[in-house]
$ cat structure_37.csv   # CSV, C-alpha atoms
chain,number,residue,atom,x,y,z
A,5,GLY,CA,-56.9,53.9,101.6
A,6,HIS,CA,-55.6,51.1,103.8
A,7,SER,CA,-52.0,50.5,104.7
A,8,ARG,CA,-49.8,51.6,101.8
A,9,TYR,CA,-52.8,53.2,100.2
A,10,GLY,CA,-53.5,55.0,103.5
A,11,TYR,CA,-50.1,56.5,103.1
A,12,PHE,CA,-50.7,57.3,99.4
A,13,THR,CA,-54.1,59.0,100.0
A,14,SER,CA,-52.6,61.0,102.9
A,15,TYR,CA,-49.8,62.0,100.6
A,16,LEU,CA,-52.2,63.1,97.9
A,17,LEU,CA,-54.1,65.1,100.5
A,18,SER,CA,-50.9,66.9,101.5
A,19,LYS,CA,-50.1,67.7,97.9
A,20,TYR,CA,-53.6,68.6,96.6
A,21,PRO,CA,-55.8,69.8,99.5
A,22,HIS,CA,-57.9,72.0,97.3
A,23,ASP,CA,-58.7,69.2,94.8
A,24,ILE,CA,-59.6,66.6,97.4
A,25,HIS,CA,-62.7,66.8,99.6
A,26,ALA,CA,-62.0,64.0,102.1
A,27,VAL,CA,-59.6,61.2,102.9
A,28,ILE,CA,-60.1,58.2,105.1
A,29,ALA,CA,-56.8,56.5,105.9
A,30,ALA,CA,-56.9,53.1,107.7
A,31,SER,CA,-53.6,52.0,109.2
A,32,PRO,CA,-51.5,54.4,107.2
A,33,PHE,CA,-47.9,54.4,107.9
A,34,LEU,CA,-46.8,58.0,107.9
A,35,SER,CA,-43.1,57.7,106.9
A,36,GLN,CA,-41.2,56.6,103.9
A,37,LYS,CA,-37.6,57.3,102.9
A,38,LYS,CA,-37.1,61.0,103.3
A,39,VAL,CA,-40.8,61.7,103.6
A,40,CYS,CA,-42.8,62.0,106.9
A,41,LEU,CA,-46.4,63.1,106.3
A,42,VAL,CA,-47.0,64.4,109.9
A,43,ASP,CA,-45.6,67.9,109.2
A,44,SER,CA,-47.3,68.0,105.8
A,45,ILE,CA,-50.7,67.1,107.2
A,46,CYS,CA,-50.3,69.6,110.1
A,47,ASN,CA,-49.3,72.3,107.6
A,48,ILE,CA,-52.6,71.8,105.7
A,49,LYS,CA,-54.5,72.4,108.9
A,50,LYS,CA,-52.5,75.7,109.4
A,51,THR,CA,-52.6,77.1,105.9
A,52,TYR,CA,-55.7,75.7,104.2
A,53,SER,CA,-57.9,78.5,102.9
A,54,SER,CA,-61.1,77.5,101.0
A,55,ASN,CA,-64.8,77.9,101.4
A,56,LYS,CA,-65.3,74.1,101.5
A,57,THR,CA,-64.6,72.0,104.5
A,58,LEU,CA,-61.7,69.5,104.2
A,59,TYR,CA,-61.9,66.2,106.0
A,60,TYR,CA,-59.2,63.8,107.0
A,61,ARG,CA,-60.0,60.7,109.2
A,62,PHE,CA,-57.3,58.2,110.1
A,63,GLY,CA,-57.4,55.2,112.3
A,64,ILE,CA,-54.5,53.0,113.4
A,65,GLY,CA,-54.4,49.9,115.5
A,66,ASN,CA,-51.6,48.1,117.2
A,67,ASP,CA,-49.6,48.0,114.0
A,68,TYR,CA,-48.3,51.7,114.0
A,69,PRO,CA,-49.2,53.1,117.5
A,70,GLU,CA,-46.1,55.4,117.4
A,71,ASP,CA,-47.3,56.9,114.1
A,72,PHE,CA,-50.8,57.5,115.5
A,73,MET,CA,-49.4,59.2,118.7
A,74,LYS,CA,-47.1,61.4,116.6
A,75,LEU,CA,-49.8,62.6,114.2
A,76,ASP,CA,-52.5,62.9,116.8
A,77,SER,CA,-50.3,64.9,119.1
A,78,ALA,CA,-49.1,67.2,116.3
A,79,LEU,CA,-52.6,67.8,115.1
A,80,LYS,CA,-53.7,68.8,118.6
A,81,LYS,CA,-50.9,71.3,118.9
A,82,THR,CA,-51.7,72.8,115.5
A,83,PRO,CA,-54.0,75.8,115.6
A,84,ASN,CA,-57.7,75.2,114.7
A,85,ASN,CA,-58.9,76.0,111.3
A,86,LEU,CA,-62.7,76.1,111.0
A,87,LYS,CA,-62.6,74.7,107.4
A,88,VAL,CA,-60.4,71.7,108.4
A,89,SER,CA,-61.8,68.7,110.1
A,90,PHE,CA,-58.9,66.3,110.9
A,91,LYS,CA,-59.4,63.5,113.4
A,92,GLY,CA,-57.8,60.2,114.4
A,93,PHE,CA,-58.9,57.1,116.0
A,94,PHE,CA,-56.6,54.7,117.9
A,95,PHE,CA,-57.7,51.1,118.1
A,96,LYS,CA,-55.1,49.8,120.5
A,97,GLU,CA,-56.2,46.1,120.3
A,98,ALA,CA,-56.9,46.0,116.6
A,99,ILE,CA,-54.7,44.3,114.2
A,100,HIS,CA,-53.8,45.8,110.8
A,101,ASN,CA,-56.5,44.1,108.7
A,102,THR,CA,-59.4,45.0,111.1
A,103,THR,CA,-58.8,48.8,111.3
A,104,PRO,CA,-60.7,49.5,108.0
A,105,GLY,CA,-63.9,47.9,109.4
A,106,LEU,CA,-63.6,49.8,112.7
A,107,LEU,CA,-62.9,53.1,111.0
A,108,ILE,CA,-65.0,53.4,107.9
A,109,GLY,CA,-68.4,53.7,109.6
A,110,ILE,CA,-67.6,56.5,112.0
A,111,ALA,CA,-65.5,58.3,109.4
A,112,LEU,CA,-68.3,58.3,106.8
A,113,TYR,CA,-70.8,59.3,109.4
A,114,GLU,CA,-68.7,62.3,110.5
A,115,ILE,CA,-67.9,63.4,106.9
A,116,PHE,CA,-71.5,63.3,105.8
A,117,GLU,CA,-73.1,64.5,109.1
A,118,TYR,CA,-73.5,68.1,107.7
A,119,TRP,CA,-75.2,66.7,104.6
A,120,ASN,CA,-77.6,64.7,106.8
A,121,LYS,CA,-78.4,67.7,108.9
A,122,GLN,CA,-79.4,69.6,105.8
A,123,GLN,CA,-81.5,66.7,104.5
A,124,ASN,CA,-83.3,66.5,107.9
A,125,ALA,CA,-83.9,70.2,107.9
A,126,TYR,CA,-85.5,69.9,104.4
A,127,LEU,CA,-87.6,66.9,105.6
A,128,ASN,CA,-88.9,69.0,108.5
A,129,SER,CA,-89.6,72.1,106.5
A,130,THR,CA,-93.1,72.9,105.5
A,131,ASP,CA,-92.5,73.5,101.8
A,132,THR,CA,-90.8,71.8,98.9
A,133,THR,CA,-88.1,74.4,98.1
A,134,ILE,CA,-84.8,72.5,98.1
A,135,SER,CA,-82.3,75.0,96.6
A,136,SER,CA,-81.3,76.8,99.8
A,137,PHE,CA,-80.4,73.4,101.4
A,138,TYR,CA,-78.3,72.4,98.3
A,139,GLU,CA,-76.6,75.8,98.4
A,140,LYS,CA,-75.5,75.2,102.0
A,141,ILE,CA,-74.2,71.7,101.1
A,142,GLU,CA,-72.3,73.1,98.1
A,143,GLU,CA,-70.7,75.8,100.2
A,144,HIS,CA,-69.7,73.2,102.9
A,145,TYR,CA,-68.4,70.5,100.6
A,146,GLY,CA,-67.4,72.4,97.5
A,147,GLU,CA,-70.0,70.7,95.4
A,148,ASN,CA,-73.6,69.7,95.6
A,149,ILE,CA,-74.5,66.3,97.0
A,150,CYS,CA,-78.1,65.4,96.3
A,151,PHE,CA,-80.4,64.2,99.0
A,152,SER,CA,-81.2,60.5,99.2
A,153,LEU,CA,-84.0,59.2,97.1
A,154,GLY,CA,-85.6,57.8,100.2
A,155,ALA,CA,-85.7,61.3,101.8
A,156,LEU,CA,-87.1,62.9,98.7
A,157,ASN,CA,-89.7,60.2,98.4
A,158,GLY,CA,-90.5,60.5,102.1
A,159,LYS,CA,-91.0,64.2,101.7
A,160,GLY,CA,-93.6,63.6,99.0
A,161,TRP,CA,-95.4,60.9,101.1
A,162,GLY,CA,-95.4,63.2,104.1
A,163,PHE,CA,-97.3,65.9,102.2
A,164,PHE,CA,-99.6,63.2,100.6
A,165,ASN,CA,-100.5,61.9,104.1
A,166,GLN,CA,-101.4,65.4,105.2
A,167,LYS,CA,-103.6,65.7,102.1
A,168,GLU,CA,-101.3,68.5,100.7
A,169,TYR,CA,-101.3,67.0,97.2
A,170,GLU,CA,-99.8,69.9,95.3
A,171,LYS,CA,-96.8,69.9,97.6
A,172,ALA,CA,-96.6,66.1,97.4
A,173,ILE,CA,-96.4,66.3,93.6
A,174,ASN,CA,-93.8,69.1,93.8
A,175,ALA,CA,-91.7,67.0,96.2
A,176,TRP,CA,-91.9,63.9,93.9
A,177,LYS,CA,-91.0,66.1,90.9
A,178,GLN,CA,-87.8,66.9,92.8
A,179,LEU,CA,-87.2,63.2,93.2
A,180,VAL,CA,-87.5,62.7,89.5
A,181,TYR,CA,-85.1,65.6,88.7
A,182,GLU,CA,-82.4,64.1,91.0
$ encode --input "structure_37.csv" --output "C-alpha cells"
Amino acid sequence: GHSRYGYFTSYLLSKYPHDIHAVIAASPFLSQKKVCLVDSICNIKKTYSSNKTLYYRFGIGNDYPEDFMKLDSALKKTPNNLKVSFKGFFFKEAIHNTTPGLLIGIALYEIFEYWNKQQNAYLNSTDTTISSFYEKIEEHYGENICFSLGALNGKGWGFFNQKEYEKAINAWKQLVYE
C-alpha cells in the first residue's frame, strides 16, 4: 500500500498478523486520530508466534521522516523474533510519489529471497524430487509457492543436455503439474 493505503495495510497487519504473510508499505503515515501504529507494529514483533515468517517492509521519503525515525527506532529497540522480518528504508531525498518505485524492488527481493534459495537448491540438486523443497517453503511462508516455470523447464533441459533423459522427462512432468 502507498500513502493512506500504506497506513491501511500496516493497520491490517497489526490486527491480523496470523492471516497476512507480508506487507509492503510505501510512504505510510503511521498516525491517525487516536491511533498510532508504531506500538502496534512493535507489539507484533514481540508477541508473534507462528511457524511461518511474517514480513513487513516500509519505506518513507522526505514526506514523513519523523514517522520513519519513530518506527525504525522503536523496531530496533524491540527484541528480535526469528519469525518476524520487519525492516524500513529511508529515502531522504525522495518525494512522496517516488517511494513506491524505490521500495518495491528491494522489498519483493527480500520477501522472496528464501523461496529463491530453495529454487536454486532444487536446480543444483542431482534429482527431480521437489517435495522437500516445497515443504521448506510452506513451513517458511505458511503456504506453498511453486517454483517458476523457467526454473522447472531449466531443470529439465539441464538433465536433457547431460543425456539423462528419464530425469529430464520427470522434471518436465513436474512443470506440467505446476
$ closest_residue --input "structure_37.csv" --among "A:Ile48, A:Glu170, A:Phe12, A:His25" --to "Thr82 of chain A" --atoms "all atoms listed in the file"
A:Ile48
$ atom_distance --input "structure_37.csv" --atom1 "atom CA of Ser14 of chain A" --atom2 "atom CA of Ala30 of chain A"
10.2 Å
$ closest_residue --input "structure_37.csv" --among "A:Ala175, A:Ile110, A:Ala155, A:Ile115" --to "Thr133 of chain A" --atoms "only C-alpha atoms"
A:Ala175
$ atom_distance --input "structure_37.csv" --atom1 "atom CA of Ile28 of chain A" --atom2 "atom CA of Arg61 of chain A"
4.8 Å
$ closest_residue --input "structure_37.csv" --among "A:Lys167, A:Arg8, A:Lys56, A:Lys121" --to "Pro32 of chain A" --atoms "only C-alpha atoms"
A:Arg8
$ residues_near_point --input "structure_37.csv" --point "(-89.2, 59.0, 94.6)" --cutoff "7 Å" --atoms "only C-alpha atoms" --output "PyMOL selection string"
chain A and resi 153-154+156-157+176+179-180
$ atom_distance --input "structure_37.csv" --atom1 "atom CA of Ala78 of chain A" --atom2 "atom CA of Asp43 of chain A"
7.9 Å
$ closest_atom_pairs --input "structure_37.csv" --of "segment 26-51 of chain A" --to "segment 88-93 of chain A" --cutoff "12 Å" --atoms "all atoms listed in the file" --output "JSON lines"
{"residue": "A:Ala26", "atom": "CA", "partner": "A:Ser89", "partner_atom": "CA", "distance": 9.3}
{"residue": "A:Val27", "atom": "CA", "partner": "A:Phe90", "partner_atom": "CA", "distance": 9.5}
{"residue": "A:Ile28", "atom": "CA", "partner": "A:Gly92", "partner_atom": "CA", "distance": 9.8}
{"residue": "A:Ala29", "atom": "CA", "partner": "A:Gly92", "partner_atom": "CA", "distance": 9.3}
{"residue": "A:Ala30", "atom": "CA", "partner": "A:Phe93", "partner_atom": "CA", "distance": 9.4}
{"residue": "A:Ser31", "atom": "CA", "partner": "A:Phe93", "partner_atom": "CA", "distance": 10.0}
{"residue": "A:Pro32", "atom": "CA", "partner": "A:Gly92", "partner_atom": "CA", "distance": 11.2}
{"residue": "A:Ile45", "atom": "CA", "partner": "A:Phe90", "partner_atom": "CA", "distance": 9.0}
{"residue": "A:Cys46", "atom": "CA", "partner": "A:Phe90", "partner_atom": "CA", "distance": 9.2}
{"residue": "A:Asn47", "atom": "CA", "partner": "A:Val88", "partner_atom": "CA", "distance": 11.1}
{"residue": "A:Ile48", "atom": "CA", "partner": "A:Val88", "partner_atom": "CA", "distance": 8.3}
{"residue": "A:Lys49", "atom": "CA", "partner": "A:Val88", "partner_atom": "CA", "distance": 6.0}
{"residue": "A:Lys50", "atom": "CA", "partner": "A:Val88", "partner_atom": "CA", "distance": 8.9}
{"residue": "A:Thr51", "atom": "CA", "partner": "A:Val88", "partner_atom": "CA", "distance": 9.8}
$ residues_around --input "structure_37.csv" --residues "Tyr68 of chain A" --least-positions-apart "3" --cutoff "10 Å" --atoms "all atoms listed in the file" --output "count of residues only"
14
$ residues_near_point --input "structure_37.csv" --point "(-82.3, 72.2, 103.2)" --cutoff "10 Å" --atoms "all atoms listed in the file" --output "compact mmCIF listing (two decimals) with C-alpha atoms, keeping the file's coordinate frame"
# COMPACT_ATOMS: atom_id res chain seq x y z
CA TRP A 119 -75.20 66.70 104.60
CA ASN A 120 -77.60 64.70 106.80
CA LYS A 121 -78.40 67.70 108.90
CA GLN A 122 -79.40 69.60 105.80
CA GLN A 123 -81.50 66.70 104.50
CA ASN A 124 -83.30 66.50 107.90
CA ALA A 125 -83.90 70.20 107.90
CA TYR A 126 -85.50 69.90 104.40
CA LEU A 127 -87.60 66.90 105.60
CA ASN A 128 -88.90 69.00 108.50
CA SER A 129 -89.60 72.10 106.50
CA THR A 132 -90.80 71.80 98.90
CA THR A 133 -88.10 74.40 98.10
CA ILE A 134 -84.80 72.50 98.10
CA SER A 135 -82.30 75.00 96.60
CA SER A 136 -81.30 76.80 99.80
CA PHE A 137 -80.40 73.40 101.40
CA TYR A 138 -78.30 72.40 98.30
CA GLU A 139 -76.60 75.80 98.40
CA LYS A 140 -75.50 75.20 102.00
CA ILE A 141 -74.20 71.70 101.10
CA PHE A 151 -80.40 64.20 99.00
$ closest_residue --input "structure_37.csv" --among "A:Leu106, A:Tyr118, A:Asn101, A:Ser18" --to "Glu142 of chain A" --atoms "all atoms listed in the file"
A:Tyr118
